[in-house]
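J.: structure.txt is reproduced in full below (compact mmCIF, C-alpha atoms and all ligand atoms).
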```txt
# COMPACT_ATOMS: atom_id res chain seq x y z
CA MET O 19 48.53 -169.59 67.60
CA MET O 20 45.98 -166.85 67.17
CA ALA O 21 47.50 -163.96 65.26
CA ASP O 22 46.11 -161.26 67.53
CA LYS O 23 47.34 -162.91 70.73
CA ILE O 24 50.67 -164.05 72.14
CA ALA O 25 50.81 -167.29 74.12
CA PHE O 26 52.61 -167.29 77.47
CA GLY O 27 52.29 -170.91 78.54
CA LYS O 28 48.56 -171.52 78.66
CA ARG O 29 47.75 -167.82 78.76
CA LEU O 30 46.93 -165.71 75.76
CA VAL O 31 47.74 -162.01 75.92
CA THR O 32 46.24 -159.67 73.36
CA LYS O 33 48.66 -157.84 71.08
CA GLU O 34 46.30 -154.88 71.13
CA GLU O 35 47.57 -151.81 72.99
CA TYR O 36 44.72 -149.74 74.44
CA PHE O 37 47.21 -147.39 76.13
CA SER O 38 49.37 -146.37 73.20
CA SER O 39 53.04 -145.63 72.76
CA GLY O 40 53.69 -141.90 72.70
CA HIS O 41 52.37 -141.41 76.24
CA ARG O 42 54.63 -139.11 78.21
CA ALA O 43 55.27 -141.04 81.41
CA CYS O 44 58.81 -140.85 82.78
CA VAL O 45 61.48 -143.29 81.68
CA GLY O 46 60.89 -146.65 83.40
CA CYS O 47 57.48 -145.74 84.85
CA ALA O 48 55.90 -148.91 86.22
CA GLU O 49 52.62 -147.08 86.74
CA ALA O 50 52.37 -146.70 82.94
CA LEU O 51 53.27 -150.38 82.66
CA ALA O 52 50.52 -151.26 85.12
CA VAL O 53 47.97 -149.25 83.11
CA ARG O 54 49.12 -150.86 79.87
CA LEU O 55 48.72 -154.37 81.32
CA ALA O 56 45.41 -153.57 83.01
CA CYS O 57 44.04 -152.28 79.70
CA LYS O 58 45.06 -155.50 77.96
CA ALA O 59 43.07 -157.41 80.56
CA LEU O 60 40.07 -155.09 80.25
CA GLY O 61 39.81 -155.21 76.45
CA PRO O 62 37.88 -152.80 74.24
CA ASN O 63 34.41 -152.80 75.80
CA VAL O 64 35.05 -150.48 78.75
CA ILE O 65 34.51 -146.89 79.78
CA ILE O 66 37.41 -145.59 81.84
CA VAL O 67 36.88 -142.86 84.40
CA ASN O 68 40.29 -141.47 85.34
CA ALA O 69 41.18 -139.11 88.17
CA THR O 70 43.77 -136.40 87.84
CA GLY O 71 47.29 -137.65 88.38
CA CYS O 72 50.30 -138.85 86.41
CA MET O 73 48.40 -141.33 84.27
CA GLU O 74 45.83 -138.76 83.26
CA VAL O 75 48.43 -136.10 82.52
CA VAL O 76 50.84 -138.29 80.54
CA SER O 77 48.05 -139.75 78.39
CA SER O 78 45.98 -136.73 77.49
CA GLN O 79 48.22 -134.00 76.12
CA PHE O 80 45.64 -131.98 74.20
CA PRO O 81 44.64 -132.59 71.42
CA TYR O 82 46.00 -136.12 71.63
CA THR O 83 45.06 -139.18 73.62
CA ALA O 84 46.93 -142.37 74.43
CA TRP O 85 43.63 -144.18 75.05
CA SER O 86 41.87 -146.37 72.52
CA VAL O 87 38.82 -146.85 74.71
CA PRO O 88 36.24 -144.29 75.87
CA TRP O 89 37.87 -142.28 78.64
CA ILE O 90 36.77 -139.40 80.82
CA HIS O 91 38.94 -137.29 83.09
CA THR O 92 37.52 -136.47 86.51
CA LEU O 93 38.50 -134.51 89.57
CA PHE O 94 40.13 -136.30 92.47
CA GLU O 95 37.06 -135.94 94.60
CA ASN O 96 34.48 -137.46 92.31
CA THR O 97 36.07 -140.29 90.34
CA ALA O 98 33.98 -143.01 91.95
CA ALA O 99 30.90 -140.76 91.81
CA VAL O 100 31.32 -140.24 88.06
CA ALA O 101 31.86 -143.99 87.60
CA SER O 102 28.65 -144.56 89.60
CA GLY O 103 26.77 -142.20 87.30
CA VAL O 104 28.10 -143.82 84.14
CA GLU O 105 27.14 -147.26 85.45
CA ALA O 106 23.67 -146.13 86.51
CA GLY O 107 23.16 -144.45 83.13
CA LEU O 108 24.17 -147.56 81.22
CA LYS O 109 21.86 -149.69 83.34
CA THR O 110 18.94 -147.38 82.61
CA MET O 111 19.67 -147.28 78.88
CA LYS O 112 19.82 -151.06 78.85
CA ARG O 113 16.52 -151.31 80.71
CA LYS O 114 14.87 -148.94 78.27
CA GLY O 115 16.22 -150.92 75.34
CA ARG O 116 18.41 -148.07 74.17
CA TRP O 117 21.64 -150.01 74.36
CA PRO O 118 21.68 -152.87 71.88
CA GLY O 119 24.25 -155.55 72.60
CA GLN O 120 26.61 -155.89 75.50
CA GLU O 121 26.97 -152.70 77.50
CA PRO O 122 30.53 -151.71 78.43
CA GLN O 123 32.09 -152.31 81.83
CA VAL O 124 32.83 -149.27 83.94
CA VAL O 125 36.34 -148.90 85.34
CA ALA O 126 37.55 -146.11 87.61
CA MET O 127 41.29 -145.41 87.85
CA ALA O 128 43.12 -143.15 90.30
CA GLY O 129 46.44 -142.76 92.05
CA ASP O 130 47.05 -143.32 95.75
CA GLY O 131 46.45 -139.66 96.53
CA GLY O 132 43.25 -139.70 94.51
CA THR O 133 42.14 -142.90 96.23
CA SER O 134 43.28 -143.04 99.83
CA ASP O 135 43.06 -139.29 100.50
CA ILE O 136 40.99 -137.07 98.26
CA GLY O 137 38.58 -139.48 96.56
CA LEU O 138 37.99 -141.75 99.54
CA GLN O 139 34.55 -140.42 100.41
CA ALA O 140 33.17 -140.85 96.88
CA LEU O 141 34.78 -144.28 96.67
CA SER O 142 33.24 -145.37 99.95
CA GLY O 143 29.84 -144.21 98.74
CA ALA O 144 30.13 -146.06 95.45
CA LEU O 145 31.26 -149.28 97.13
CA GLU O 146 28.46 -149.03 99.66
CA ARG O 147 25.78 -148.40 97.01
CA GLY O 148 26.96 -151.50 95.22
CA HIS O 149 27.56 -150.17 91.71
CA ASP O 150 28.76 -152.71 89.20
CA PHE O 151 32.22 -151.33 88.51
CA LEU O 152 35.90 -151.94 89.02
CA TYR O 153 38.03 -149.38 90.85
CA ILE O 154 41.78 -149.59 90.28
CA CYS O 155 44.19 -147.67 92.50
CA PHE O 156 47.62 -147.17 90.95
CA ASP O 157 49.69 -146.71 94.07
CA ASN O 158 53.10 -145.07 93.58
CA GLU O 159 53.08 -144.02 97.22
CA ALA O 160 52.94 -140.24 96.84
CA TYR O 161 51.45 -137.35 94.87
CA MET O 162 53.93 -137.82 92.05
CA ASN O 163 52.46 -135.68 89.33
CA THR O 164 52.86 -132.51 91.36
CA GLY O 165 56.40 -133.36 92.43
CA VAL O 166 56.42 -136.06 95.11
CA GLN O 167 54.31 -134.91 98.05
CA ARG O 168 53.48 -137.44 100.77
CA SER O 169 50.07 -139.09 100.79
CA SER O 170 48.52 -141.41 103.36
CA ALA O 171 49.87 -144.27 101.19
CA THR O 172 53.49 -143.10 101.51
CA PRO O 173 55.38 -145.68 103.56
CA PHE O 174 56.98 -145.01 106.94
CA GLY O 175 60.48 -143.60 106.59
CA ALA O 176 60.17 -142.47 102.96
CA ALA O 177 61.49 -139.01 102.14
CA THR O 178 59.17 -136.89 100.00
CA THR O 179 59.16 -133.13 99.46
CA THR O 180 56.57 -132.74 102.24
CA SER O 181 58.02 -135.42 104.51
CA PRO O 182 61.68 -134.51 104.10
CA ALA O 183 64.38 -136.46 105.85
CA GLY O 184 66.98 -134.59 107.88
CA LYS O 185 68.33 -134.03 111.34
CA GLU O 186 64.86 -133.62 112.82
CA SER O 187 62.92 -136.15 110.77
CA ILE O 188 63.16 -139.69 109.41
CA GLY O 189 60.90 -138.75 106.51
CA GLN O 190 57.29 -140.01 106.59
CA VAL O 191 56.39 -140.61 110.24
CA THR O 192 53.10 -142.44 109.69
CA TRP O 193 52.49 -146.00 108.51
CA LYS O 194 50.98 -146.64 105.09
CA LYS O 195 47.20 -146.57 105.12
CA ASN O 196 45.78 -150.03 104.46
CA MET O 197 43.52 -149.15 101.55
CA PRO O 198 42.64 -152.72 100.48
CA ALA O 199 41.43 -153.39 104.04
CA ILE O 200 39.28 -150.26 103.90
CA ALA O 201 37.77 -151.40 100.59
CA ALA O 202 37.22 -154.89 102.02
CA ALA O 203 35.47 -153.43 105.08
CA HIS O 204 32.65 -152.42 102.70
CA ASP O 205 32.01 -156.12 102.25
CA ILE O 206 32.31 -155.91 98.48
CA PRO O 207 32.61 -159.13 96.46
CA TYR O 208 36.19 -158.69 95.23
CA VAL O 209 39.34 -156.99 96.54
CA ALA O 210 42.87 -157.73 95.36
CA THR O 211 46.41 -156.41 95.44
CA ALA O 212 48.67 -156.62 92.39
CA CYS O 213 51.96 -155.40 90.97
CA PRO O 214 53.12 -155.22 87.34
CA SER O 215 56.23 -157.18 88.34
CA TYR O 216 53.77 -160.11 88.45
CA PRO O 217 52.10 -159.25 85.14
CA PHE O 218 49.94 -162.35 84.66
CA ASP O 219 48.64 -162.21 88.22
CA LEU O 220 47.82 -158.52 87.61
CA MET O 221 45.95 -159.21 84.38
CA ASP O 222 44.04 -162.11 85.98
CA LYS O 223 42.93 -159.91 88.86
CA VAL O 224 41.85 -157.02 86.67
CA ALA O 225 39.89 -159.43 84.45
CA LYS O 226 38.32 -161.05 87.49
CA GLY O 227 37.52 -157.73 89.13
CA VAL O 228 35.79 -156.34 86.09
CA ALA O 229 33.82 -159.56 85.52
CA THR O 230 32.61 -159.62 89.13
CA PRO O 231 29.04 -158.34 89.46
CA GLY O 232 28.99 -155.44 91.91
CA PRO O 233 31.91 -153.35 93.10
CA ALA O 234 35.47 -154.63 92.86
CA TYR O 235 38.69 -152.97 94.05
CA VAL O 236 42.21 -153.73 92.81
CA HIS O 237 45.17 -152.01 94.44
CA ILE O 238 48.29 -151.99 92.25
CA LEU O 239 51.72 -151.10 93.65
CA SER O 240 53.42 -149.11 90.89
CA VAL O 241 57.12 -148.32 91.13
CA CYS O 242 57.88 -144.68 90.25
CA PRO O 243 61.61 -144.24 89.51
CA THR O 244 61.26 -140.44 89.64
CA GLY O 245 59.67 -140.25 93.09
CA TRP O 246 61.34 -143.29 94.61
CA ARG O 247 64.72 -142.19 93.32
CA CYS O 248 65.67 -145.54 91.88
CA ALA O 249 67.25 -146.68 88.62
CA PRO O 250 64.56 -146.94 85.92
CA GLU O 251 65.77 -150.37 84.80
CA LEU O 252 65.08 -151.64 88.33
CA ALA O 253 61.40 -150.68 88.33
CA VAL O 254 60.20 -154.25 87.76
CA GLU O 255 62.79 -155.79 90.11
CA ILE O 256 61.88 -153.39 92.93
CA GLY O 257 58.20 -154.28 92.59
CA ARG O 258 59.17 -157.94 92.83
CA LEU O 259 61.20 -157.22 95.98
CA ALA O 260 58.23 -155.39 97.52
CA VAL O 261 56.35 -158.67 97.23
CA GLN O 262 59.23 -160.97 98.21
CA THR O 263 60.06 -158.97 101.35
CA GLY O 264 56.43 -159.11 102.46
CA ILE O 265 56.13 -155.31 102.25
CA PHE O 266 53.44 -155.59 99.58
CA PRO O 267 51.93 -159.09 99.65
CA LEU O 268 49.77 -160.20 96.73
CA TYR O 269 46.38 -161.43 97.85
CA GLU O 270 42.69 -161.56 97.01
CA ILE O 271 39.69 -161.16 99.27
CA GLU O 272 36.62 -162.87 97.85
CA GLY O 273 33.46 -162.93 99.89
CA GLY O 274 35.52 -161.88 102.91
CA GLN O 275 37.99 -164.76 102.48
CA TYR O 276 41.68 -164.00 102.09
CA LYS O 277 43.85 -165.89 99.64
CA LEU O 278 47.60 -165.35 99.22
CA ASN O 279 48.62 -165.54 95.57
CA VAL O 280 52.39 -165.55 95.94
CA LYS O 281 53.31 -167.78 98.85
CA LEU O 282 56.79 -167.27 100.22
CA SER O 283 58.49 -169.82 102.42
CA LYS O 284 60.81 -167.13 103.74
CA LEU O 285 60.62 -163.36 103.40
CA LYS O 286 63.65 -161.51 102.11
CA PRO O 287 65.00 -158.84 104.48
CA VAL O 288 63.39 -155.43 103.88
CA THR O 289 66.82 -153.87 103.33
CA GLU O 290 67.02 -155.59 99.94
CA TYR O 291 64.05 -153.49 98.87
CA LEU O 292 64.91 -150.28 100.74
CA LYS O 293 68.56 -150.01 99.71
CA LEU O 294 67.71 -149.64 96.00
CA GLN O 295 65.71 -146.47 96.58
CA GLY O 296 67.00 -142.98 97.30
CA ARG O 297 63.84 -142.11 99.25
CA PHE O 298 64.99 -144.55 101.97
CA GLY O 299 68.71 -143.77 101.68
CA HIS O 300 68.83 -141.84 104.99
CA LEU O 301 67.32 -144.56 107.19
CA SER O 302 69.22 -145.63 110.30
CA GLU O 303 69.53 -149.28 111.29
CA ALA O 304 67.10 -148.65 114.13
CA THR O 305 64.43 -147.36 111.74
CA ILE O 306 65.02 -150.23 109.35
CA LYS O 307 64.57 -152.62 112.26
CA GLU O 308 61.30 -150.89 113.11
CA ILE O 309 60.14 -151.37 109.52
CA GLN O 310 61.25 -155.03 109.51
CA ASP O 311 59.35 -155.74 112.73
CA ARG O 312 56.23 -154.09 111.41
CA VAL O 313 56.41 -156.03 108.12
CA ASP O 314 56.89 -159.32 109.98
CA ARG O 315 53.89 -158.59 112.21
CA GLU O 316 51.62 -157.49 109.37
CA TYR O 317 52.63 -160.43 107.22
CA ALA O 318 51.91 -162.86 110.06
CA LYS O 319 48.45 -161.29 110.49
CA LEU O 320 47.77 -161.72 106.79
CA MET O 321 49.00 -165.32 106.84
CA GLU O 322 46.63 -166.02 109.69
CA LYS O 323 43.68 -164.66 107.73
CA ALA O 324 44.74 -166.59 104.64
CA THR O 325 45.29 -169.88 106.49
CA ALA O 326 41.94 -169.55 108.17
CA VAL O 327 40.53 -169.83 104.66
CA ALA O 328 42.76 -172.68 103.59
CA GLY O 329 41.68 -174.56 106.72
CA SER O 330 37.97 -174.04 106.17
CA SER O 331 37.79 -174.80 102.46
CA MET B 23 47.34 -140.47 61.92
CA ALA B 24 46.96 -137.19 63.74
CA LYS B 25 49.19 -134.29 62.70
CA ALA B 26 52.32 -133.62 64.71
CA GLU B 27 52.20 -130.82 67.26
CA SER B 28 54.32 -128.54 65.07
CA GLU B 29 51.87 -128.83 62.15
CA LEU B 30 48.69 -128.36 64.17
CA GLY B 31 46.64 -125.22 63.76
CA TRP B 32 43.44 -124.20 65.48
CA LYS B 33 41.41 -125.24 62.45
CA ASP B 34 42.50 -128.83 63.03
CA LEU B 35 40.72 -128.95 66.37
CA GLU B 36 37.30 -130.57 66.56
CA ILE B 37 34.32 -128.46 67.54
CA GLY B 38 34.04 -128.53 71.33
CA SER B 39 37.70 -129.60 71.47
CA ILE B 40 36.64 -133.22 71.27
CA VAL B 41 39.54 -135.65 70.94
CA ALA B 42 38.20 -138.02 68.31
CA GLU B 43 41.10 -140.18 67.21
CA PRO B 44 41.88 -143.14 69.50
CA GLY B 45 45.53 -143.58 70.43
CA SER B 46 46.57 -140.40 68.62
CA ALA B 47 49.35 -139.87 71.18
CA ALA B 48 51.31 -142.24 68.95
CA GLN B 49 52.17 -139.31 66.69
CA TYR B 50 54.47 -138.10 69.48
CA LYS B 51 57.73 -139.98 69.18
CA THR B 52 59.22 -140.45 72.63
CA GLY B 53 62.28 -142.19 71.18
CA ASP B 54 64.39 -139.05 71.26
CA TRP B 55 64.21 -138.99 75.06
CA LYS B 56 66.67 -141.83 75.39
CA THR B 57 70.31 -141.74 76.36
CA GLN B 58 70.82 -145.47 75.83
CA ARG B 59 69.20 -147.93 73.48
CA PRO B 60 68.51 -151.66 73.65
CA VAL B 61 70.19 -153.98 71.16
CA LEU B 62 68.63 -157.42 70.84
CA ASP B 63 70.73 -160.42 69.87
CA GLU B 64 68.29 -162.94 68.34
CA SER B 65 70.80 -165.77 68.59
CA LYS B 66 70.42 -165.62 72.38
CA CYS B 67 66.63 -164.99 72.44
CA ASN B 68 64.31 -167.87 73.38
CA LYS B 69 61.14 -165.96 72.40
CA CYS B 70 59.88 -165.91 76.01
CA GLY B 71 58.33 -162.47 75.42
CA LEU B 72 59.15 -161.02 78.86
CA CYS B 73 60.66 -157.91 77.24
CA TYR B 74 57.33 -157.43 75.47
CA ILE B 75 55.33 -157.90 78.67
CA PHE B 76 57.45 -155.56 80.82
CA CYS B 77 57.87 -152.65 78.37
CA PRO B 78 56.14 -149.56 79.85
CA GLU B 79 55.92 -148.04 76.36
CA GLY B 80 54.37 -151.03 74.62
CA CYS B 81 56.96 -150.52 71.90
CA ILE B 82 58.23 -154.09 71.63
CA LYS B 83 56.35 -156.11 69.02
CA GLN B 84 56.33 -159.77 68.06
CA LYS B 85 57.37 -160.41 64.48
CA ALA B 86 55.90 -163.11 62.20
CA ASP B 87 58.82 -165.44 63.07
CA GLY B 88 58.02 -165.19 66.79
CA TYR B 89 61.05 -163.08 67.68
CA TYR B 90 60.62 -159.57 69.04
CA GLU B 91 61.63 -156.20 67.69
CA ILE B 92 61.93 -152.91 69.52
CA ASP B 93 60.49 -149.76 67.99
CA LEU B 94 63.21 -147.24 68.79
CA SER B 95 61.04 -144.33 67.73
CA TYR B 96 59.11 -144.78 71.02
CA CYS B 97 61.69 -146.55 73.24
CA LYS B 98 62.72 -144.17 76.06
CA GLY B 99 65.74 -146.32 76.94
CA CYS B 100 64.61 -147.34 80.44
CA GLY B 101 66.53 -150.63 80.25
CA ILE B 102 63.83 -152.78 81.88
CA CYS B 103 63.84 -155.20 78.92
CA ALA B 104 67.60 -155.73 79.20
CA MET B 105 67.30 -156.17 82.97
CA GLU B 106 64.42 -158.66 82.79
CA CYS B 107 65.56 -160.75 79.80
CA PRO B 108 66.43 -164.16 81.30
CA LYS B 109 68.80 -164.92 78.41
CA ASP B 110 70.75 -161.64 78.51
CA ALA B 111 69.87 -161.22 74.86
CA ILE B 112 69.36 -157.46 75.22
CA THR B 113 72.22 -155.05 75.89
CA MET B 114 71.90 -151.33 76.51
CA VAL B 115 74.35 -149.23 74.55
CA ALA B 116 74.93 -145.50 74.83
CA GLU B 117 73.01 -143.41 72.34
CA GLU B 118 75.36 -141.34 70.23
CA GLU B 119 74.68 -138.06 68.48
C1 LIG K 401 41.67 -131.14 94.60
C2 LIG K 401 42.98 -131.09 93.92
N1 LIG K 401 44.08 -130.88 94.66
C3 LIG K 401 45.28 -130.87 94.08
C4 LIG K 401 45.41 -131.06 92.73
C5 LIG K 401 46.78 -131.00 92.10
N2 LIG K 401 47.26 -132.34 91.69
C6 LIG K 401 47.20 -132.77 90.42
S1 LIG K 401 47.87 -134.30 90.17
C7 LIG K 401 48.28 -134.41 91.81
C8 LIG K 401 49.00 -135.63 92.33
C9 LIG K 401 48.20 -136.90 92.26
O1 LIG K 401 48.71 -137.91 93.06
P1 LIG K 401 48.14 -139.37 92.94
O2 LIG K 401 46.67 -139.40 93.01
O3 LIG K 401 48.86 -140.24 93.92
O4 LIG K 401 48.54 -139.80 91.45
P2 LIG K 401 50.02 -139.89 90.82
O5 LIG K 401 50.26 -138.58 90.13
O6 LIG K 401 50.97 -140.14 91.92
O7 LIG K 401 49.93 -141.03 89.85
C10 LIG K 401 47.87 -133.26 92.53
C11 LIG K 401 48.09 -133.02 93.95
C12 LIG K 401 44.23 -131.25 91.98
N3 LIG K 401 44.29 -131.46 90.65
N4 LIG K 401 43.03 -131.25 92.59
S1 LIG K 402 56.37 -139.29 88.25
FE1 LIG K 402 56.44 -141.50 88.60
S2 LIG K 402 54.36 -142.29 88.26
FE2 LIG K 402 54.50 -140.22 87.37
S3 LIG K 402 54.96 -140.60 85.20
FE3 LIG K 402 56.92 -140.29 86.30
S4 LIG K 402 57.63 -142.35 86.90
FE4 LIG K 402 55.44 -142.49 86.33
MG MG K 403 50.55 -141.35 93.55
```
Mind turning the file's structure into structure tokens?
Ligand SMILES: Cc1ncc(C[n+]2csc(CCOP(=O)(O)OP(=O)(O)O)c2C)c(N)n1
Ligand code: SF4
Ligand SMILES: [Mg+2]
T.:
Amino acid sequence: MMADKIAFGKRLVTKEEYFSSGHRACVGCAEALAVRLACKALGPNVIIVNATGCMEVVSSQFPYTAWSVPWIHTLFENTAAVASGVEAGLKTMKRKGRWPGQEPQVVAMAGDGGTSDIGLQALSGALERGHDFLYICFDNEAYMNTGVQRSSATPFGAATTTSPAGKESIGQVTWKKNMPAIAAAHDIPYVATACPSYPFDLMDKVAKGVATPGPAYVHILSVCPTGWRCAPELAVEIGRLAVQTGIFPLYEIEGGQYKLNVKLSKLKPVTEYLKLQGRFGHLSEATIKEIQDRVDREYAKLMEKATAVAGSS
Amino acid sequence: MAKAESELGWKDLEIGSIVAEPGSAAQYKTGDWKTQRPVLDESKCNKCGLCYIFCPEGCIKQKADGYYEIDLSYCKGCGICAMECPKDAITMVAEEE
């Protein structure tokens, strides 16, 4: 066995931590776990462009840094624009012979608020221009760093501080924006969904995304015990249930073709996922039924797209 | 390793407030956040490494003999390792004063 790697079956995982201990994420934060795993897959030769949000704040308490790779903090609005500039600059330096050796890969990271709301325009531009970079959205389904405000990625029925549940409201009244589909609509070479509860799948997708020439987008569901009001020790289990209930299916879209990575013969009922989280604690049976129906419909649509591929290849 | 927060003065800062030392956050020991700590029983462990993979802190390390050890100076006591261990080799016990 190689001393700097650990073997998991046929896979080798580096022992190197590029996102170091001492970061100040909450107890049981699966977003921090997702970043840690993604960084293992990326390795040392990257430049990370990171939007404001929990992962930026917990990793960059001045004058310290949790990062062991070059890292720049950006605004919400311009993360993908900064990544575009870094990539274009590297390309030019390479062309002019000013970058000996292998130039680093450019990776943009942002939360769901930074991606599906505030940074969407810059992201769309970068995807459309075709920069060679990987964009990773760490989706904890709200603006967590500022105290759990709803975003367009917050799921239907979830209580947040700005979509409170009570007599007059069921919590969030809109359905989660389908960000991977929006990325895919730009016809980019690689789009994938991932979750740290499936760590090897996550690392494979990040590695594949960054190796893909042109833009790649990976959307990672990241359980946030603080905002979801769940037990920290359940963070990995809840991510797994998001996949097993069909609420957050794991798939890849390569060259427009869908591929399901975790095939389920039968979906678990959504209640198994919802009941573990305080943000859904107020939901009535009728609302849960509405969520179940929606999940069944969406999952069937996805299956159809994925089988179309299986049939044609 | 970088100085601890309590020992830092303005003269320790780089010109332009550049942060020059990679991974310097490691000087901040998050271990005192925890209210419970994991205890690993090696006689039950099958070296699968899932505790290592799922630790949000990256504070579980593989030893030379292939078993794992938990660095309690960073462990925040989330309990994910104990929850995910397929052999129930990790138990969470209350942290005492
Ligand atoms: C333009 C702008 N609006 C608001 C803020 C305040 N702010 C800082 S972090 C944050 C939440 C970020 O949410 P998200 O992108 O989902 O990342 P998370 O913290 O959930 O990981 C907000 C609203 C800001 N920094 N810039
Ligand atoms: S608020 Fe949520 S995402 Fe942010 S550090 Fe805490 S657990 Fe992680
Ligand atoms: Mg968020």
J.: Which residue out of O:Tyr36, O:Phe26, O:Phe266, O:Phe80 has the minimum interatomic distance to Pro198 of chain O when only C-alpha atoms are used?
T.: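 Going through O:Tyr36, O:Phe26, O:Phe266, O:Phe80 one by one, the smallest distance to Pro198 of chain O is for O:Phe266.
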J.: Env of segment 164-172 of chain O: 7 Å cut, atoms = only C-alpha atoms, seq-sep filter 2 positions within chain, self excluded. Answer as a PyMOL selection string.
T.: chain O and resi 130-131+134-135+159-162+174+176+178-181+194-195+245
J.: Write out as a list in words every residue belonging to chain B that has an atom at most 6 Å from any atom of chain O, counting all atoms listed in the file.
T.: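 The complete set of qualifying residues is Val41, Pro44, Gly45, Ser46, Ala47, Ala48, Tyr50, Lys51, Thr52, Pro78, Glu79, Gly80, Lys98, Cys100, Gly101 and Ile102 of chain B.
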J.: Taking all atoms listed in the file into account, name the residue in O:Ala304, O:Met197, O:Cys72, O:Ala212 that is nearest to ligand MG 403 (chain K).
T.: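 Counting all atoms listed in the file, the residue closest to ligand MG 403 (chain K) is O:Cys72.
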J.: Rounded to one decimal, what separation in Å do you get between atom CA of Gly148 of chain O and atom CA of Met321 of chain O?
T.: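 Taking atom CA of Gly148 of chain O as the start and atom CA of Met321 of chain O as the end point, the length is 28.5 Å.
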J.: Go through O:Gly273, O:Gly129, O:Gly189, O:Gly137 and flag the residue nearest Gly175 of chain O, using only C-alpha atoms for the distances.
T.: O:Gly189
J.: Report, in Å with one decimal, the straight-line distance from atom CA of Ala210 of chain O to atom CA of Lys223 of chain O.
T.: 6.9 Å
J.: How far is it from atom CA of Asp219 of chain O to atom CA of Glu270 of chain O, in Å with one decimal?
T.: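 Computing the Euclidean distance for atom CA of Asp219 of chain O and atom CA of Glu270 of chain O yields 10.6 Å.
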J.: Of the residues O:Ile188, O:Val100, O:Cys248, O:Val224, which is the one nearest to ligand LIG 402 (chain K), using all atoms listed in the file?
T.: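 Checking each of O:Ile188, O:Val100, O:Cys248, O:Val224 against ligand LIG 402 (chain K), counting all atoms listed in the file, the winner is O:Cys248.
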J.: Determine the nearest neighbour of Cys70 of chain B from the options B:Gly38, B:Gly31, B:Gly99, B:Pro108, counting only C-alpha atoms.
T.: B:Pro108
J.: Just the residues within 9 Å of Gly232 of chain O, please, counting only C-alpha atoms, with nothing from its chain fewer than 5 positions along; format it as a PyMOL selection string.
T.: chain O and resi 145+148-152+206-208
J.: List every protein, DNA or RNA residue that has at least one atom no more than 9 Å from (34.8, -137.7, 92.9) in the file's coordinates, counting all atoms listed in the file, and write the result as a ChimeraX atom specification.
T.: /O:69,92-101,132,136-141
J.: With only C-alpha atoms as the counted atoms, please give the residues lying no more than 12 Å from Leu292 of chain O, apart from itself and same-chain residues fewer than 5 positions off, as a JSON list (two decimals) with C-alpha atoms, keeping the file's coordinate frame.
T.:
```json
[["chain", "number", "residue", "atom", "x", "y", "z"],
["O", 173, "PRO", "CA", 55.38, -145.68, 103.56],
["O", 174, "PHE", "CA", 56.98, -145.01, 106.94],
["O", 175, "GLY", "CA", 60.48, -143.60, 106.59],
["O", 176, "ALA", "CA", 60.17, -142.47, 102.96],
["O", 177, "ALA", "CA", 61.49, -139.01, 102.14],
["O", 246, "TRP", "CA", 61.34, -143.29, 94.61],
["O", 247, "ARG", "CA", 64.72, -142.19, 93.32],
["O", 248, "CYS", "CA", 65.67, -145.54, 91.88],
["O", 256, "ILE", "CA", 61.88, -153.39, 92.93],
["O", 257, "GLY", "CA", 58.20, -154.28, 92.59],
["O", 259, "LEU", "CA", 61.20, -157.22, 95.98],
["O", 260, "ALA", "CA", 58.23, -155.39, 97.52],
["O", 263, "THR", "CA", 60.06, -158.97, 101.35],
["O", 265, "ILE", "CA", 56.13, -155.31, 102.25],
["O", 286, "LYS", "CA", 63.65, -161.51, 102.11],
["O", 287, "PRO", "CA", 65.00, -158.84, 104.48],
["O", 297, "ARG", "CA", 63.84, -142.11, 99.25],
["O", 298, "PHE", "CA", 64.99, -144.55, 101.97],
["O", 299, "GLY", "CA", 68.71, -143.77, 101.68],
["O", 300, "HIS", "CA", 68.83, -141.84, 104.99],
["O", 301, "LEU", "CA", 67.32, -144.56, 107.19],
["O", 302, "SER", "CA", 69.22, -145.63, 110.30],
["O", 303, "GLU", "CA", 69.53, -149.28, 111.29],
["O", 305, "THR", "CA", 64.43, -147.36, 111.74],
["O", 306, "ILE", "CA", 65.02, -150.23, 109.35],
["O", 307, "LYS", "CA", 64.57, -152.62, 112.26],
["O", 309, "ILE", "CA", 60.14, -151.37, 109.52],
["O", 310, "GLN", "CA", 61.25, -155.03, 109.51]]
```
J.: Can you tell me, as JSON, the centre and edge lengths (Å, one decimal) of the axis-aligned box enclosing all of ligand LIG 402 (chain K)'s listed atoms after padding each side by 3 Å?
T.:
```
{"center_x": 56.0, "center_y": -140.9, "center_z": 86.9, "size_x": 9.3, "size_y": 9.2, "size_z": 9.4}
```
J.: Near Gly53 of chain B, counting all atoms listed in the file, which residues have an atom at most 7 Å away, once you skip same-chain residues fewer than 5 positions from it, shown as a PyMOL selection string?
T.: chain B and resi 94-98
J.: Would you please work out which residue, of O:Val228, O:Cys242, O:Val75, O:Cys155, is nearest to ligand LIG 402 (chain K) when using all atoms listed in the file?
T.: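 Of the candidates, the smallest distance to ligand LIG 402 (chain K) is held by O:Cys242.
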J.: Near Cys73 of chain B, within 10 Å and counting all atoms listed in the file, which residues show up once chain neighbours fewer than 3 positions away are dropped, as a list in words?
T.: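 Contacts, with the query itself left out: Lys69, Cys70, Phe76, Cys77, Pro78, Gly80, Cys81, Ile82, Lys83, Tyr90, Glu91, Ile92, Gly101, Ile102, Cys103, Ala104, Met105, Glu106, Cys107, Pro108 and Ile112 of chain B.
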